[in-house]
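Data first, discussion second: the structure below is written as structure tokens.
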Amino acid sequence: MDAQKQLQALSDEFQQLQTELEGLVDARQKLESQQQENLGVQSEFAQLDDESNIYKLVGPVLLKQDKTEAVMAVNGRLEFIEKEIKRIEGDITEKQEQGEKKRAEVVQLQGQAQQAAASA
């Protein structure tokens, strides 16, 4: 494989990593938004007394829900979201490291190509 094709292949791989990284960052932002929303609900629940009515939207219908059940559901969602954020952050770190390695390979190959062109 000549240097130009190899350089193009590395550049394509680097671009693919960047695209994947952008997708992971978007996913993390969505999770963080959901986390904030659920934290807001959690704080609202904390202000309610045990006799307060809580309703859950199921399709087009509001169904009465037990406070304990509602609190457990929100806490469970927050726990799940936190785990997903940590998992995605690990994936982001991994993609960033892979991207840096690809970038270094591209720079190295470009340097070799320039040296070869200069000596030719």
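We name chains A, B, ... following the order of the structure tokens; residues begin at 1 in each chain, and ligands are numbered from 1 as shown.
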
Among the residues of segment 9-112 of chain A, find those DSSP assigns to alpha helix (DSSP H) from the backbone and print them as a PyMOL selection string.
chain A and resi 9-47+67-112

Include C-alpha atoms and write out the residues we just selected as a PDB file, in the first residue's frame.
ATOM      1  CA  ALA A   9      -7.110   4.970   5.427  1.00  0.00           C
ATOM      2  CA  LEU A  10      -5.752   6.344   8.703  1.00  0.00           C
ATOM      3  CA  SER A  11      -7.575   9.631   8.153  1.00  0.00           C
ATOM      4  CA  ASP A  12     -10.829   7.751   7.513  1.00  0.00           C
ATOM      5  CA  GLU A  13     -10.331   5.706  10.690  1.00  0.00           C
ATOM      6  CA  PHE A  14      -9.644   8.894  12.655  1.00  0.00           C
ATOM      7  CA  GLN A  15     -12.776  10.531  11.233  1.00  0.00           C
ATOM      8  CA  GLN A  16     -14.834   7.460  12.180  1.00  0.00           C
ATOM      9  CA  LEU A  17     -13.515   7.658  15.747  1.00  0.00           C
ATOM     10  CA  GLN A  18     -14.455  11.351  15.890  1.00  0.00           C
ATOM     11  CA  THR A  19     -17.987  10.552  14.691  1.00  0.00           C
ATOM     12  CA  GLU A  20     -18.343   7.822  17.319  1.00  0.00           C
ATOM     13  CA  LEU A  21     -17.023  10.204  19.970  1.00  0.00           C
ATOM     14  CA  GLU A  22     -19.602  12.837  19.004  1.00  0.00           C
ATOM     15  CA  GLY A  23     -22.357  10.225  19.335  1.00  0.00           C
ATOM     16  CA  LEU A  24     -21.142   9.274  22.800  1.00  0.00           C
ATOM     17  CA  VAL A  25     -21.001  12.915  23.907  1.00  0.00           C
ATOM     18  CA  ASP A  26     -24.573  13.434  22.652  1.00  0.00           C
ATOM     19  CA  ALA A  27     -25.725  10.338  24.549  1.00  0.00           C
ATOM     20  CA  ARG A  28     -24.049  11.588  27.731  1.00  0.00           C
ATOM     21  CA  GLN A  29     -25.730  14.987  27.357  1.00  0.00           C
ATOM     22  CA  LYS A  30     -29.149  13.347  26.987  1.00  0.00           C
ATOM     23  CA  LEU A  31     -28.527  11.234  30.084  1.00  0.00           C
ATOM     24  CA  GLU A  32     -27.419  14.282  32.054  1.00  0.00           C
ATOM     25  CA  SER A  33     -30.602  16.061  31.009  1.00  0.00           C
ATOM     26  CA  GLN A  34     -32.689  13.087  32.164  1.00  0.00           C
ATOM     27  CA  GLN A  35     -30.716  13.013  35.386  1.00  0.00           C
ATOM     28  CA  GLN A  36     -31.494  16.676  36.095  1.00  0.00           C
ATOM     29  CA  GLU A  37     -35.171  16.106  35.348  1.00  0.00           C
ATOM     30  CA  ASN A  38     -35.331  13.134  37.724  1.00  0.00           C
ATOM     31  CA  LEU A  39     -33.419  15.021  40.423  1.00  0.00           C
ATOM     32  CA  GLY A  40     -36.063  17.738  40.150  1.00  0.00           C
ATOM     33  CA  VAL A  41     -38.821  15.153  40.565  1.00  0.00           C
ATOM     34  CA  GLN A  42     -36.955  13.628  43.505  1.00  0.00           C
ATOM     35  CA  SER A  43     -36.738  16.996  45.267  1.00  0.00           C
ATOM     36  CA  GLU A  44     -40.454  17.603  44.633  1.00  0.00           C
ATOM     37  CA  PHE A  45     -41.276  14.219  46.158  1.00  0.00           C
ATOM     38  CA  ALA A  46     -39.200  15.106  49.235  1.00  0.00           C
ATOM     39  CA  GLN A  47     -41.454  18.114  49.849  1.00  0.00           C
ATOM     40  CA  LYS A  67     -45.777   7.708  46.864  1.00  0.00           C
ATOM     41  CA  THR A  68     -43.396   4.927  47.944  1.00  0.00           C
ATOM     42  CA  GLU A  69     -43.677   3.286  44.543  1.00  0.00           C
ATOM     43  CA  ALA A  70     -43.123   6.591  42.750  1.00  0.00           C
ATOM     44  CA  VAL A  71     -40.089   7.464  44.885  1.00  0.00           C
ATOM     45  CA  MET A  72     -38.585   4.013  44.293  1.00  0.00           C
ATOM     46  CA  ALA A  73     -39.137   4.340  40.542  1.00  0.00           C
ATOM     47  CA  VAL A  74     -37.392   7.740  40.404  1.00  0.00           C
ATOM     48  CA  ASN A  75     -34.528   6.512  42.593  1.00  0.00           C
ATOM     49  CA  GLY A  76     -34.146   3.472  40.338  1.00  0.00           C
ATOM     50  CA  ARG A  77     -34.054   5.649  37.238  1.00  0.00           C
ATOM     51  CA  LEU A  78     -31.435   7.905  38.815  1.00  0.00           C
ATOM     52  CA  GLU A  79     -29.308   4.894  39.720  1.00  0.00           C
ATOM     53  CA  PHE A  80     -29.585   3.516  36.190  1.00  0.00           C
ATOM     54  CA  ILE A  81     -28.787   6.901  34.621  1.00  0.00           C
ATOM     55  CA  GLU A  82     -25.733   7.316  36.855  1.00  0.00           C
ATOM     56  CA  LYS A  83     -24.397   3.897  35.811  1.00  0.00           C
ATOM     57  CA  GLU A  84     -25.007   4.691  32.142  1.00  0.00           C
ATOM     58  CA  ILE A  85     -23.214   8.044  32.445  1.00  0.00           C
ATOM     59  CA  LYS A  86     -20.195   6.316  34.012  1.00  0.00           C
ATOM     60  CA  ARG A  87     -20.208   3.644  31.283  1.00  0.00           C
ATOM     61  CA  ILE A  88     -20.422   6.242  28.515  1.00  0.00           C
ATOM     62  CA  GLU A  89     -17.699   8.361  30.109  1.00  0.00           C
ATOM     63  CA  GLY A  90     -15.458   5.278  30.039  1.00  0.00           C
ATOM     64  CA  ASP A  91     -16.309   4.803  26.357  1.00  0.00           C
ATOM     65  CA  ILE A  92     -15.571   8.487  25.692  1.00  0.00           C
ATOM     66  CA  THR A  93     -12.162   8.190  27.366  1.00  0.00           C
ATOM     67  CA  GLU A  94     -11.397   5.073  25.327  1.00  0.00           C
ATOM     68  CA  LYS A  95     -12.398   6.757  22.026  1.00  0.00           C
ATOM     69  CA  GLN A  96     -10.348   9.838  22.899  1.00  0.00           C
ATOM     70  CA  GLU A  97      -7.291   7.653  23.524  1.00  0.00           C
ATOM     71  CA  GLN A  98      -7.856   5.762  20.263  1.00  0.00           C
ATOM     72  CA  GLY A  99      -8.253   9.082  18.463  1.00  0.00           C
ATOM     73  CA  GLU A 100      -5.001  10.411  19.868  1.00  0.00           C
ATOM     74  CA  LYS A 101      -3.179   7.259  18.747  1.00  0.00           C
ATOM     75  CA  LYS A 102      -4.638   7.582  15.231  1.00  0.00           C
ATOM     76  CA  ARG A 103      -3.740  11.260  15.128  1.00  0.00           C
ATOM     77  CA  ALA A 104      -0.145  10.379  16.097  1.00  0.00           C
ATOM     78  CA  GLU A 105      -0.040   7.720  13.363  1.00  0.00           C
ATOM     79  CA  VAL A 106      -1.304  10.238  10.787  1.00  0.00           C
ATOM     80  CA  VAL A 107       1.272  12.830  11.853  1.00  0.00           C
ATOM     81  CA  GLN A 108       4.055  10.228  11.782  1.00  0.00           C
ATOM     82  CA  LEU A 109       3.056   9.021   8.320  1.00  0.00           C
ATOM     83  CA  GLN A 110       2.818  12.592   7.031  1.00  0.00           C
ATOM     84  CA  GLY A 111       6.308  13.264   8.392  1.00  0.00           C
ATOM     85  CA  GLN A 112       7.666  10.162   6.683  1.00  0.00           C
TER      86      GLN A 112
END

DSSP on the backbone, strand (DSSP E) only: what residues of segment 32-93 of chain A does that give? Format it as number ranges by chain.
A: 54-58, 61-65

In Å, with one decimal, what is the gap from atom CA of Ala117 of chain A to atom CA of Gln8 of chain A?
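Interatomic distance, atom CA of Ala117 of chain A to atom CA of Gln8 of chain A: 17.2 Å.
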
Quick one: distance from atom CA of Leu48 of chain A to atom CA of Lys64 of chain A in Å, one decimal?
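One can read the atom CA of Leu48 of chain A to atom CA of Lys64 of chain A distance as 14.9 Å.
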
Which residues of segment 59-107 of chain A sit at most 6 Å from segment 51-55 of chain A, using only C-alpha atoms? Give each one's shortest atom pair and distance in Å (one decimal place), in chain and ascending residue order, as a Markdown table.
| residue | atom | partner | partner_atom | distance |
| --- | --- | --- | --- | --- |
| A:Leu62 | CA | A:Tyr55 | CA | 5.7 |
| A:Leu63 | CA | A:Tyr55 | CA | 5.2 |
| A:Lys64 | CA | A:Tyr55 | CA | 4.4 |
| A:Gln65 | CA | A:Tyr55 | CA | 5.4 |

Which distance in Å separates atom CA of Ala3 of chain A and atom CA of Ala113 of chain A, to one decimal?
6.8 Å
